[in-house]
Every structure is written in C-alpha cells, then in structure tokens.
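Source file: work35.cif. Holds: mmCIF, C-alpha atoms (C1' of nucleotides).
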data_coords
loop_
_atom_site.label_atom_id
_atom_site.label_comp_id
_atom_site.auth_asym_id
_atom_site.auth_seq_id
_atom_site.Cartn_x
_atom_site.Cartn_y
_atom_site.Cartn_z
CA MET A 1 -24.76 4.58 -158.93
CA SER A 2 -28.52 4.77 -159.51
CA GLN A 3 -28.66 1.02 -158.93
CA ILE A 4 -29.59 1.79 -155.35
CA LEU A 5 -32.83 3.33 -156.62
CA ARG A 6 -33.52 0.35 -158.82
CA GLN A 7 -32.95 -2.00 -155.92
CA GLN A 8 -35.42 -0.09 -153.81
CA ILE A 9 -38.15 -0.24 -156.43
CA GLU A 10 -37.44 -3.88 -157.13
CA LYS A 11 -38.03 -4.77 -153.52
CA ILE A 12 -41.65 -4.11 -154.43
CA THR A 13 -41.87 -4.90 -158.13
CA PRO A 14 -39.36 -6.27 -160.67
CA LEU A 15 -38.26 -4.09 -163.60
CA THR A 16 -36.74 -4.69 -167.00
CA ASP A 17 -33.65 -2.67 -167.93
CA LYS A 18 -35.78 -0.68 -170.35
CA GLU A 19 -38.33 0.15 -167.70
CA PHE A 20 -35.73 1.30 -165.24
CA GLU A 21 -34.03 3.39 -167.89
CA TYR A 22 -37.38 5.01 -168.59
CA ILE A 23 -38.00 5.69 -164.92
CA LEU A 24 -34.53 7.10 -164.40
CA SER A 25 -34.96 9.50 -167.31
CA HIS A 26 -37.52 11.33 -165.16
CA PHE A 27 -34.96 12.14 -162.48
CA THR A 28 -32.26 14.75 -162.34
CA PHE A 29 -29.05 14.44 -160.37
CA LYS A 30 -27.85 16.89 -157.76
CA LYS A 31 -24.65 17.03 -155.74
CA LEU A 32 -24.47 19.04 -152.52
CA LYS A 33 -21.75 20.05 -150.10
CA LYS A 34 -21.91 19.71 -146.36
CA HIS A 35 -24.08 22.47 -144.84
CA GLN A 36 -25.67 23.20 -148.19
CA PHE A 37 -29.44 23.61 -148.25
CA LEU A 38 -31.63 21.37 -150.35
CA ILE A 39 -34.74 23.31 -149.34
CA GLN A 40 -35.24 26.45 -147.32
CA GLU A 41 -38.36 27.77 -145.66
CA ASN A 42 -40.59 29.65 -148.08
CA ASP A 43 -39.02 28.03 -151.14
CA THR A 44 -41.40 26.50 -153.61
CA VAL A 45 -40.72 22.79 -153.46
CA GLN A 46 -39.98 21.40 -156.89
CA ASN A 47 -38.75 17.93 -156.09
CA ASP A 48 -38.83 14.86 -153.98
CA HIS A 49 -35.31 13.55 -153.42
CA PHE A 50 -33.92 10.05 -153.29
CA VAL A 51 -30.66 9.96 -151.39
CA VAL A 52 -27.92 8.14 -153.28
CA LYS A 53 -25.15 9.12 -150.91
CA GLY A 54 -24.85 11.30 -147.83
CA LEU A 55 -27.02 12.43 -144.96
CA LEU A 56 -29.54 15.23 -144.50
CA LYS A 57 -31.84 16.62 -141.89
CA ALA A 58 -35.32 18.04 -142.47
CA TYR A 59 -36.32 20.36 -139.67
CA TYR A 60 -38.76 22.99 -138.55
CA VAL A 61 -37.57 26.20 -136.93
CA ASN A 62 -40.11 27.69 -134.52
CA HIS A 63 -40.70 31.34 -133.62
CA GLU A 64 -38.11 31.12 -130.83
CA GLY A 65 -35.54 29.89 -133.33
CA LYS A 66 -35.60 26.37 -131.93
CA GLU A 67 -35.11 23.46 -134.32
CA HIS A 68 -37.20 20.31 -134.38
CA ILE A 69 -36.11 17.55 -136.70
CA MET A 70 -38.89 16.03 -138.76
CA GLN A 71 -36.68 13.39 -140.30
CA PHE A 72 -33.17 12.38 -141.15
CA ALA A 73 -32.44 10.98 -144.58
CA MET A 74 -29.56 8.76 -145.53
CA GLU A 75 -28.81 6.43 -148.42
CA ASP A 76 -31.93 4.77 -149.82
CA TRP A 77 -34.28 7.27 -148.13
CA TRP A 78 -36.54 9.83 -149.70
CA VAL A 79 -36.77 13.36 -148.39
CA THR A 80 -38.54 16.61 -149.14
CA ASP A 81 -41.10 18.90 -147.51
CA TYR A 82 -44.00 16.63 -148.40
CA GLN A 83 -46.72 19.01 -147.36
CA ALA A 84 -45.33 21.61 -149.74
CA TYR A 85 -44.47 19.09 -152.44
CA PHE A 86 -47.84 17.35 -152.63
CA ASN A 87 -49.91 20.50 -152.24
CA GLN A 88 -47.58 22.69 -154.29
CA THR A 89 -47.31 25.24 -151.53
CA VAL A 90 -44.32 26.92 -149.99
CA ALA A 91 -41.90 25.06 -147.69
CA THR A 92 -42.25 25.26 -143.92
CA LEU A 93 -39.29 22.94 -143.40
CA ASN A 94 -35.60 23.41 -144.01
CA ILE A 95 -33.49 20.59 -145.36
CA ASP A 96 -29.72 20.69 -145.35
CA CYS A 97 -26.79 18.34 -145.63
CA LEU A 98 -24.93 16.93 -142.64
CA GLU A 99 -22.49 15.30 -145.05
CA PRO A 100 -21.58 15.74 -148.72
CA THR A 101 -24.65 14.40 -150.45
CA GLU A 102 -25.92 13.16 -153.81
CA VAL A 103 -29.60 12.95 -154.60
CA LEU A 104 -31.88 12.02 -157.48
CA CYS A 105 -34.63 14.60 -157.90
CA LEU A 106 -38.17 13.84 -159.02
CA SER A 107 -40.51 16.70 -159.80
CA ILE A 108 -44.19 16.32 -158.92
CA HIS A 109 -44.98 16.56 -162.61
CA ASN A 110 -42.64 13.72 -163.51
CA ARG A 111 -43.87 11.70 -160.57
CA GLU A 112 -47.46 11.95 -161.75
CA LYS A 113 -46.43 11.28 -165.33
CA LEU A 114 -44.56 8.14 -164.32
CA CYS A 115 -47.47 6.97 -162.22
CA ALA A 116 -49.93 7.57 -165.05
CA ASP A 117 -47.73 5.85 -167.65
CA MET A 118 -46.62 2.89 -165.60
CA HIS A 119 -49.05 1.15 -163.32
CA LYS A 120 -46.10 -0.69 -161.80
CA ILE A 121 -44.45 2.41 -160.50
CA GLU A 122 -47.65 3.79 -159.06
CA HIS A 123 -48.01 0.49 -157.25
CA SER A 124 -44.51 0.83 -155.89
CA PHE A 125 -45.11 4.40 -154.70
CA ARG A 126 -48.35 3.39 -153.02
CA LYS A 127 -46.59 0.63 -151.14
CA LYS A 128 -43.79 2.93 -150.07
CA SER A 129 -46.27 5.51 -148.86
CA ASN A 130 -48.15 2.92 -146.83
CA LEU A 131 -44.96 1.86 -145.10
CA GLY A 132 -44.09 5.48 -144.42
CA TYR A 133 -47.49 6.01 -142.86
CA VAL A 134 -47.00 3.12 -140.49
CA ALA A 135 -43.54 4.37 -139.55
CA LEU A 136 -44.95 7.78 -138.61
CA GLN A 137 -47.67 6.14 -136.54
CA ARG A 138 -44.97 4.32 -134.61
CA ARG A 139 -43.17 7.56 -133.97
CA ILE A 140 -46.35 9.22 -132.73
CA LEU A 141 -46.98 6.34 -130.37
CA SER A 142 -43.44 6.63 -129.13
CA LEU A 143 -43.94 10.35 -128.44
CA LEU A 144 -47.25 9.74 -126.67
CA ASN A 145 -46.29 6.70 -124.69
CA SER A 146 -42.61 6.84 -123.89
CA ASN A 147 -40.37 9.10 -121.83
CA ALA A 148 -37.11 10.55 -123.09
CA LYS A 149 -35.00 7.53 -122.14
CA GLU A 150 -37.32 5.03 -123.76
CA ARG A 151 -37.57 7.06 -126.95
CA TYR A 152 -33.80 7.26 -127.10
CA GLU A 153 -33.45 3.52 -126.74
CA GLN A 154 -36.12 2.82 -129.33
CA LEU A 155 -34.35 5.04 -131.84
CA LEU A 156 -30.99 3.51 -131.05
CA GLN A 157 -32.42 0.09 -131.72
CA GLN A 158 -34.24 1.10 -134.89
CA TYR A 159 -31.43 3.07 -136.55
CA PRO A 160 -28.14 2.09 -134.92
CA THR A 161 -26.04 3.45 -137.81
CA LEU A 162 -27.51 6.92 -137.40
CA PHE A 163 -25.72 7.38 -134.08
CA GLN A 164 -22.30 7.08 -135.68
CA ARG A 165 -23.07 9.83 -138.16
CA VAL A 166 -25.19 12.35 -136.27
CA PRO A 167 -24.23 14.44 -133.19
CA LYS A 168 -26.30 13.83 -130.07
CA THR A 169 -27.60 17.37 -130.19
CA LEU A 170 -29.51 16.49 -133.34
CA ILE A 171 -30.71 13.17 -131.98
CA ALA A 172 -32.15 15.16 -129.08
CA SER A 173 -33.91 17.49 -131.46
CA TYR A 174 -35.41 14.53 -133.31
CA LEU A 175 -36.61 12.94 -130.09
CA GLY A 176 -38.10 16.14 -128.74
CA VAL A 177 -35.75 16.36 -125.74
CA SER A 178 -33.22 18.99 -124.74
CA ARG A 179 -29.62 18.03 -125.43
CA GLU A 180 -28.80 18.32 -121.72
CA THR A 181 -31.46 15.79 -120.80
CA LEU A 182 -30.30 13.43 -123.52
CA SER A 183 -26.73 13.74 -122.33
CA ARG A 184 -27.77 12.77 -118.81
CA LEU A 185 -29.74 9.79 -120.08
CA SER A 186 -27.02 8.09 -122.06
CA SER A 187 -24.71 8.05 -119.06
CA MET B 1 -75.53 4.92 -148.18
CA SER B 2 -72.25 3.92 -149.82
CA GLN B 3 -72.40 7.13 -151.83
CA ILE B 4 -70.17 8.66 -149.20
CA LEU B 5 -67.43 6.24 -150.28
CA ARG B 6 -67.96 7.06 -153.92
CA GLN B 7 -67.76 10.76 -153.18
CA GLN B 8 -64.46 10.29 -151.44
CA ILE B 9 -62.91 8.38 -154.32
CA GLU B 10 -64.29 10.84 -156.83
CA LYS B 11 -62.55 13.71 -155.09
CA ILE B 12 -59.47 12.13 -156.63
CA THR B 13 -60.71 10.38 -159.74
CA PRO B 14 -64.12 10.19 -161.47
CA LEU B 15 -65.90 6.82 -161.70
CA THR B 16 -68.60 5.35 -163.87
CA ASP B 17 -71.55 3.62 -162.16
CA LYS B 18 -70.18 0.29 -163.34
CA GLU B 19 -66.75 1.00 -161.91
CA PHE B 20 -68.11 2.00 -158.55
CA GLU B 21 -70.34 -1.04 -158.43
CA TYR B 22 -67.30 -3.18 -159.12
CA ILE B 23 -65.31 -1.46 -156.40
CA LEU B 24 -68.14 -1.75 -153.89
CA SER B 25 -68.47 -5.47 -154.56
CA HIS B 26 -65.09 -5.89 -152.85
CA PHE B 27 -66.37 -4.48 -149.57
CA THR B 28 -68.47 -6.03 -146.87
CA PHE B 29 -70.76 -4.13 -144.53
CA LYS B 30 -70.59 -4.22 -140.76
CA LYS B 31 -72.79 -2.63 -138.10
CA LEU B 32 -71.52 -2.12 -134.56
CA LYS B 33 -73.03 -1.02 -131.28
CA LYS B 34 -71.59 1.57 -128.96
CA HIS B 35 -68.67 0.10 -126.98
CA GLN B 36 -68.31 -2.78 -129.42
CA PHE B 37 -64.80 -3.64 -130.56
CA LEU B 38 -63.84 -3.53 -134.21
CA ILE B 39 -60.34 -4.79 -133.43
CA GLN B 40 -58.73 -6.01 -130.25
CA GLU B 41 -55.08 -6.38 -129.40
CA ASN B 42 -53.63 -9.65 -130.70
CA ASP B 43 -56.40 -10.10 -133.26
CA THR B 44 -55.32 -10.81 -136.78
CA VAL B 45 -56.38 -7.77 -138.76
CA GLN B 46 -58.49 -8.76 -141.74
CA ASN B 47 -59.80 -5.42 -142.91
CA ASP B 48 -59.36 -1.76 -143.40
CA HIS B 49 -62.60 0.08 -142.56
CA PHE B 50 -64.29 3.03 -144.16
CA VAL B 51 -66.65 4.73 -141.71
CA VAL B 52 -70.09 5.31 -143.17
CA LYS B 53 -71.65 6.40 -139.91
CA GLY B 54 -70.53 6.70 -136.32
CA LEU B 55 -67.34 7.35 -134.40
CA LEU B 56 -64.48 5.13 -133.25
CA LYS B 57 -61.22 5.39 -131.42
CA ALA B 58 -58.04 3.47 -132.18
CA TYR B 59 -55.78 3.30 -129.16
CA TYR B 60 -52.77 1.66 -127.64
CA VAL B 61 -52.85 0.37 -124.07
CA ASN B 62 -49.43 0.40 -122.40
CA HIS B 63 -48.09 -1.92 -119.70
CA GLU B 64 -49.49 0.35 -116.98
CA GLY B 65 -52.92 0.09 -118.54
CA LYS B 66 -52.80 3.65 -119.80
CA GLU B 67 -54.53 4.45 -123.09
CA HIS B 68 -53.06 6.56 -125.88
CA ILE B 69 -55.29 7.36 -128.79
CA MET B 70 -53.65 6.86 -132.19
CA GLN B 71 -56.61 8.22 -134.09
CA PHE B 72 -60.30 8.94 -134.03
CA ALA B 73 -62.39 7.96 -137.01
CA MET B 74 -65.70 9.45 -138.01
CA GLU B 75 -67.74 9.54 -141.21
CA ASP B 76 -65.59 9.52 -144.36
CA TRP B 77 -62.48 8.35 -142.47
CA TRP B 78 -60.62 5.08 -142.76
CA VAL B 79 -59.46 3.16 -139.73
CA THR B 80 -57.66 -0.03 -138.86
CA ASP B 81 -54.41 -1.11 -137.24
CA TYR B 82 -52.35 -0.31 -140.34
CA GLN B 83 -49.15 -1.84 -139.10
CA ALA B 84 -50.93 -5.15 -138.61
CA TYR B 85 -53.05 -4.79 -141.75
CA PHE B 86 -50.25 -4.03 -144.18
CA ASN B 87 -47.76 -6.47 -142.70
CA GLN B 88 -50.35 -9.11 -141.88
CA THR B 89 -49.27 -9.31 -138.29
CA VAL B 90 -51.25 -9.23 -135.08
CA ALA B 91 -52.90 -6.05 -133.78
CA THR B 92 -51.19 -3.89 -131.17
CA LEU B 93 -54.04 -1.41 -131.20
CA ASN B 94 -57.61 -1.66 -130.00
CA ILE B 95 -60.41 -0.05 -131.93
CA ASP B 96 -63.87 0.40 -130.48
CA CYS B 97 -67.00 2.42 -131.07
CA LEU B 98 -67.83 5.62 -129.22
CA GLU B 99 -71.18 5.68 -131.02
CA PRO B 100 -73.29 3.18 -132.96
CA THR B 101 -71.25 2.71 -136.10
CA GLU B 102 -71.44 1.38 -139.66
CA VAL B 103 -68.36 0.55 -141.68
CA LEU B 104 -67.43 -0.83 -145.07
CA CYS B 105 -64.68 -3.44 -144.74
CA LEU B 106 -61.94 -4.04 -147.28
CA SER B 107 -59.67 -7.05 -146.86
CA ILE B 108 -56.04 -6.69 -147.83
CA HIS B 109 -56.60 -9.31 -150.51
CA ASN B 110 -59.46 -7.36 -152.07
CA ARG B 111 -57.54 -4.14 -151.77
CA GLU B 112 -54.61 -5.56 -153.71
CA LYS B 113 -56.93 -7.15 -156.23
CA LEU B 114 -58.73 -3.86 -156.82
CA CYS B 115 -55.43 -2.04 -157.16
CA ALA B 116 -54.11 -4.60 -159.63
CA ASP B 117 -57.30 -4.61 -161.70
CA MET B 118 -57.98 -0.91 -161.76
CA HIS B 119 -55.14 1.51 -162.15
CA LYS B 120 -57.56 4.30 -161.19
CA ILE B 121 -58.21 2.94 -157.75
CA GLU B 122 -54.54 2.36 -157.04
CA HIS B 123 -54.00 5.97 -157.99
CA SER B 124 -56.69 7.03 -155.58
CA PHE B 125 -55.23 4.97 -152.74
CA ARG B 126 -51.77 6.36 -153.37
CA LYS B 127 -53.08 9.90 -153.19
CA LYS B 128 -54.97 9.16 -149.99
CA SER B 129 -51.91 7.61 -148.44
CA ASN B 130 -49.79 10.63 -149.34
CA LEU B 131 -52.25 12.95 -147.65
CA GLY B 132 -52.33 10.71 -144.60
CA TYR B 133 -48.54 10.81 -144.41
CA VAL B 134 -48.53 14.60 -144.42
CA ALA B 135 -51.23 14.70 -141.73
CA LEU B 136 -49.14 12.48 -139.47
CA GLN B 137 -46.09 14.66 -140.04
CA ARG B 138 -48.12 17.63 -138.87
CA ARG B 139 -49.13 15.79 -135.75
CA ILE B 140 -45.51 14.88 -135.00
CA LEU B 141 -44.48 18.48 -135.41
CA SER B 142 -47.25 19.51 -133.08
CA LEU B 143 -46.04 17.02 -130.46
CA LEU B 144 -42.43 18.16 -130.81
CA ASN B 145 -43.00 21.85 -131.01
CA SER B 146 -46.09 22.74 -129.01
CA ASN B 147 -47.09 22.57 -125.37
CA ALA B 148 -50.37 21.11 -124.13
CA LYS B 149 -52.37 24.30 -124.59
CA GLU B 150 -51.16 24.93 -128.13
CA ARG B 151 -51.81 21.34 -129.14
CA TYR B 152 -55.31 21.59 -127.74
CA GLU B 153 -56.01 24.74 -129.71
CA GLN B 154 -54.60 23.29 -132.92
CA LEU B 155 -56.83 20.26 -132.61
CA LEU B 156 -59.85 22.37 -131.80
CA GLN B 157 -59.23 24.38 -134.92
CA GLN B 158 -58.57 21.40 -137.15
CA TYR B 159 -61.49 19.23 -136.05
CA PRO B 160 -64.08 21.42 -134.32
CA THR B 161 -66.88 18.86 -134.71
CA LEU B 162 -64.90 16.25 -132.80
CA PHE B 163 -65.28 18.20 -129.57
CA GLN B 164 -69.04 17.90 -129.62
CA ARG B 165 -68.88 14.13 -129.90
CA VAL B 166 -65.91 13.09 -127.79
CA PRO B 167 -65.40 13.51 -124.01
CA LYS B 168 -62.47 15.67 -122.97
CA THR B 169 -60.81 12.71 -121.31
CA LEU B 170 -60.30 11.16 -124.74
CA ILE B 171 -59.16 14.40 -126.31
CA ALA B 172 -56.52 14.49 -123.59
CA SER B 173 -55.44 10.97 -124.41
CA TYR B 174 -55.12 11.88 -128.09
CA LEU B 175 -53.05 14.97 -127.30
CA GLY B 176 -50.77 13.15 -124.90
CA VAL B 177 -51.81 15.16 -121.84
CA SER B 178 -53.44 14.09 -118.58
CA ARG B 179 -57.14 14.87 -118.34
CA GLU B 180 -56.51 17.08 -115.30
CA THR B 181 -54.06 19.24 -117.20
CA LEU B 182 -56.43 19.53 -120.14
CA SER B 183 -59.25 20.52 -117.81
CA ARG B 184 -57.15 23.32 -116.36
CA LEU B 185 -56.19 24.55 -119.82
CA SER B 186 -59.64 24.96 -121.21
CA SER B 187 -60.70 27.16 -118.31
"C1'" DT C 1 0.88 23.25 -135.69
"C1'" DT C 2 -2.38 26.82 -133.49
"C1'" DT C 3 -6.85 28.73 -133.47
"C1'" DT C 4 -11.66 28.55 -133.75
"C1'" DT C 5 -15.97 26.21 -133.78
"C1'" DT C 6 -18.78 22.39 -132.61
"C1'" DT C 7 -20.08 19.00 -129.49
"C1'" DT C 8 -20.58 17.18 -124.99
"C1'" DG C 9 -20.99 16.78 -119.81
"C1'" DT C 10 -22.71 18.39 -115.52
"C1'" DG C 11 -24.34 21.39 -111.67
"C1'" DA C 12 -28.14 24.53 -109.98
"C1'" DT C 13 -32.61 26.14 -110.60
"C1'" DA C 14 -37.16 26.79 -112.73
"C1'" DT C 15 -41.34 25.05 -114.78
"C1'" DA C 16 -44.82 22.41 -117.16
"C1'" DA C 17 -47.25 18.69 -116.50
"C1'" DA C 18 -48.27 14.17 -113.96
"C1'" DT C 19 -50.17 12.15 -110.12
"C1'" DC C 20 -53.09 11.67 -106.12
"C1'" DA C 21 -57.22 12.85 -103.90
"C1'" DC C 22 -61.81 14.29 -103.49
"C1'" DA C 23 -66.19 16.32 -104.74
"C1'" DC C 24 -69.64 17.68 -107.91
"C1'" DT C 25 -72.48 16.99 -112.08
"C1'" DA C 26 -75.05 14.88 -115.69
"C1'" DG C 27 -76.86 11.18 -118.36
"C1'" DG C 28 -78.38 6.23 -118.63
"C1'" DA C 29 -80.15 2.23 -116.59
"C1'" DA C 30 -83.17 -0.05 -113.29
"C1'" DT D 1 -88.24 8.37 -109.68
"C1'" DT D 2 -83.64 6.58 -107.67
"C1'" DC D 3 -79.31 4.59 -108.42
"C1'" DC D 4 -75.04 4.29 -110.67
"C1'" DT D 5 -71.40 5.17 -113.72
"C1'" DA D 6 -68.88 8.24 -116.73
"C1'" DG D 7 -67.27 12.62 -117.10
"C1'" DT D 8 -65.41 16.87 -115.17
"C1'" DG D 9 -63.20 20.50 -112.07
"C1'" DT D 10 -59.81 21.74 -108.77
"C1'" DG D 11 -56.46 21.68 -104.82
"C1'" DA D 12 -51.86 19.80 -103.06
"C1'" DT D 13 -47.78 17.51 -104.12
"C1'" DT D 14 -44.34 15.19 -106.92
"C1'" DT D 15 -41.64 14.42 -110.95
"C1'" DA D 16 -39.63 14.65 -115.42
"C1'" DT D 17 -37.66 17.68 -118.16
"C1'" DA D 18 -36.27 22.51 -119.69
"C1'" DT D 19 -33.40 26.22 -118.96
"C1'" DC D 20 -29.28 28.70 -117.61
"C1'" DA D 21 -24.45 28.62 -116.89
"C1'" DC D 22 -19.91 27.13 -117.41
"C1'" DA D 23 -16.09 24.13 -118.64
"C1'" DA D 24 -13.84 20.42 -120.98
"C1'" DA D 25 -13.13 17.74 -125.08
"C1'" DA D 26 -13.21 16.93 -129.85
"C1'" DA D 27 -13.34 18.23 -134.49
"C1'" DA D 28 -12.67 21.42 -138.15
"C1'" DA D 29 -10.41 25.30 -140.09
"C1'" DA D 30 -6.49 28.30 -140.65
#
For the file at hand, write its structure as structure tokens.
Amino acid sequence: MSQILRQQIEKITPLTDKEFEYILSHFTFKKLKKHQFLIQENDTVQNDHFVVKGLLKAYYVNHEGKEHIMQFAMEDWWVTDYQAYFNQTVATLNIDCLEPTEVLCLSIHNREKLCADMHKIEHSFRKKSNLGYVALQRRILSLLNSNAKERYEQLLQQYPTLFQRVPKTLIASYLGVSRETLSRLSS
Amino acid sequence: MSQILRQQIEKITPLTDKEFEYILSHFTFKKLKKHQFLIQENDTVQNDHFVVKGLLKAYYVNHEGKEHIMQFAMEDWWVTDYQAYFNQTVATLNIDCLEPTEVLCLSIHNREKLCADMHKIEHSFRKKSNLGYVALQRRILSLLNSNAKERYEQLLQQYPTLFQRVPKTLIASYLGVSRETLSRLSS
DNA sequence: TTTTTTTTGTGATATAAATCACACTAGGAA
DNA sequence: TTCCTAGTGTGATTTATATCACAAAAAAAA
C-alpha cells in the first residue's frame, strides 16, 4: 500500500528495506470520505500529505465566495497548503476530497527530522521541489500567454486522466475560466 | 562582493569561512552589459545565476513575437531557465540585462557535487526551493483571482523597489496586462 | 423506483481588457 | 546642441470572456 511512496522516492534515490521502513515510521495514515475536508481555511496546517488513493482539490475562496483551484492531487501526488505548512501559519486554502481518499501524513517536524537524519531523503525532497517549481512556472506561462481554449487543451494533454474524474466546472476553476466559457470551448 | 551570497545561505544555515570558500570555488563570475543576453532561446543552459549586482528579466517570446516576463531578478535573486537547467534541455526563455549586471554562475554539475559533498548546502537549496514554490503559488493565485488593477497593487506592495528600476511596459508584461491598460490603471 | 442535487449546455447581455492609432515626453547618443 | 529611440498617456473600437438566466441531462440519494 505504501509501496507507491517508496516507488516515488526511488525514482530519485534507491532505498534499502530498512531505510524505507525508517522513513515510513515518520508518517501517519489517514482515510477520508468523499466531501471530507483535509484542511480548512484558518486551520493550523500540521501535515503535508502524500496521496495513496483518491482525489482532492486545494482551492482558495475569495471574498465573493468564488473558488479558484490551486491544485488537484491524485495518487502519487503531494498536497497541503504549502505556504501555511512551511511557514507554520494558518491555512488560506481549503482542501477536500472529490473521492474517498487515503493519504500518508508527514508533519513538518518529522520532515525536518528525516531530512537531518538522512541526507538521501533531503536530496529526494530537494529534487521533488525543483520539479514542482518548474511545473508552476509552466502554469504561470500558460496563464500569461494562452487564452482559455489553449489552456484547456494544454491541461487535457498534460493530465488526460484528470478529465475522467473531475467535473468540467472544476476544470474551469483550475484554468481560471468561467464554466460557461469552458463549456462553449469544448464543443 | 560575494558576501551577499554568503549572507543568503547563512539565513538558512551558518557556515565557517572554510566552508564558504569551498562553496564559492564552485562558482564562476560573469559581468554583463546592459542589453546583453545571459541566455537565449535554444541555448543549452549551463548555469544557474546568483545576481550580485544589476537587474535582469527572464521572458518568453510567443509565436506572435509578444513577450511575457517569467521573472525579474535583482541583487540576491537567482535566475536561469530552470526547466532547461534541471532537465538539461534547451532554453525556451530569454534572459537579458536591464542594467549592467554581475552574476555568480553555478553549473548543474557543481550544484549536484556541492549538494552531495555538503549536506548543509543541500539543506539550504531545499529550503530555498520550497520558498520559491510558495511564491509561485501566490503568483498563480493572483493571476486566477485578481483583475489587472489588483495584481498591479499586489506587485507594487510586494516589490516596491522594482518600480523605480523597471519601465511600466515591462511591469505590464509581468502582470499579463497590455501596457495601455496598465497606464490607465495607475492614473 | 422516485426525488433531489449536481453537472452541463446555450442564449442574451454586460464588461474588462486588448488592439489600433497617434501624440507627447524624456533620456542617450551623435 | 540636435537627433533619435524608448517610454508613456489617451481616445476609439474590437474582442474575449464573465455574468445572468433558464432548461435539460446525469448522477446521487431516498
């Protein structure tokens, strides 16, 4: 079950069984129902979460009550309110489950402990973070450079499986388009 | 002169003189004139660059010849085409100098060597990358959630010094607004 | 099954922002 | 100094997209 986590780390650096066991001992397991919140605005953010199974959305709700999706997270993805998690402040994002979900939770304390104890794992986290940075840059470029239709097509190409699991309304909210406009585009 | 680099690293982790000397030996120094390119589209990207002095813009030019600024970089900032740098592919961005500029260059090979040799420096790079990730998330949220005027005001608040050094035309290009619209906003 | 909620499509209208066009200004270069 | 280019402001018009409104379809709940 947690093999999916091991596989992810081992894409960057190989581990012995002992090492992985040690790493895993720093995580806790959490099971959530559909519609259940992982994090709500103003919560203190204890954990980063590795998705073992399921699908979540992390989103910001503005003063008009409008949602904007920061990220989706499915199997093999990490999700939390990173601003709050890294700076140990209060959440500005909400994260809830679009499907029944299972996650492995890593507190900031355990994360830092792991990184201090095991150079390997710090290496792996650095690499992951670098890739994440590049992915966000791509998204920014897409927002700056492309119109609604182009952004839709780019997303469709990048994450084709997402479209079978997520309603269009939410895709629209991720792309920064109204659902009506998105509906007109795909036809 | 390179003390500015040391200061940045030491915000995360203290260094001995020896350690810093060792780190610095992995960098090369480069001096550029105004309008000179640090990276051009289709270049192979050898280095990440720490700005010691000056100001640069990293931007994407689309098929219509329109520029979109991915980031500015001034003193104490890092800049390169990260997608190309980390994946050792060819640049899609251009980076050039808005002012006479001095940078310290770190090849990907030396970066990885430093990180492998010195757990401390890998730690520092991980932390930096995490902060960068959060900053990009904020920018995405700003693009999704705010109109031109709000984005302008957010930027003004976040980087007030930038506005004294960069023409409004470029601010517009960073914000994803036409220069005419930006001009009408600020009045 | 029936009922209720969520998701989607589509018309009509409003609006923010882009584009085109031109003129004015200021700072560097000759 | 004079020229020239980069930067800026502003009007007129167009365009992409948001918003409002309603109905149909699909999915979930009872």
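Closest to Tyr152 in chain B among B:Ser183, B:Thr16, B:Asn110, B:Thr92 is B:Ser183, based on all atoms listed in the file.
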Neighbouring residues of range 25-36 of chain A were defined as those with any atom within 8 Å, considering only C-alpha atoms (C1' of nucleotides); residues of the same chain fewer than 3 positions away were excluded. Please report them as a list of chain:residue names. A:Glu21, A:Tyr22, A:Asp96, A:Cys97, A:Leu98, A:Glu99, A:Pro100, A:Thr101, A:Glu102, A:Val103, A:Leu104, A:Cys105, A:Leu106, A:Ser107, A:Asn110, A:Arg111, A:Leu114
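Going from CA of Glu75 in chain A to CA of Met1 in chain A covers 11.4 Å.
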Quick one: which chain D residues come within 12 Å of chain A, and what is the nearest atom pair for each with the distance in Å to one decimal, counting all atoms listed in the file, rows ordered by chain and ascending number, as JSON lines?
{"residue": "D:DA16", "atom": "C1'", "partner": "A:Asn147", "partner_atom": "CA", "distance": 8.5}
{"residue": "D:DT17", "atom": "C1'", "partner": "A:Thr181", "partner_atom": "CA", "distance": 7.0}
{"residue": "D:DA18", "atom": "C1'", "partner": "A:Ser178", "partner_atom": "CA", "distance": 6.9}
{"residue": "D:DT19", "atom": "C1'", "partner": "A:Ser178", "partner_atom": "CA", "distance": 9.3}
{"residue": "D:DC20", "atom": "C1'", "partner": "A:Glu180", "partner_atom": "CA", "distance": 11.2}
{"residue": "D:DA26", "atom": "C1'", "partner": "A:Pro167", "partner_atom": "CA", "distance": 11.8}
{"residue": "D:DA27", "atom": "C1'", "partner": "A:Pro167", "partner_atom": "CA", "distance": 11.6}
I would like the residues chosen by the PyMOL selection byres ((chain A) within 9 of (chain B)) on the shown file; could you give them as an MDAnalysis selection string? chainID A and resid 60 62 66:70 82:83 86 115:116 119 122:123 125:127 129:141 143:145 173:177
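When the PyMOL selection byres ((chain A) within 8 of (chain C)) is run on the displayed coordinates, the residues it returns are A:Pro167, A:Thr169, A:Ser183, A:Arg184.
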What does the structure give for the distance between CA of Phe163 in chain A and CA of Ala91 in chain A, in Å to one decimal? 27.6 Å
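Our summary of the geometry notes that CA of Val90 in chain A is positioned 7.4 Å from CA of Glu41 in chain A.
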Just so the selection is clear, what residues does the PyMOL selection byres ((chain A and resi 153) around 12) cover here, as a count of residues only? 22
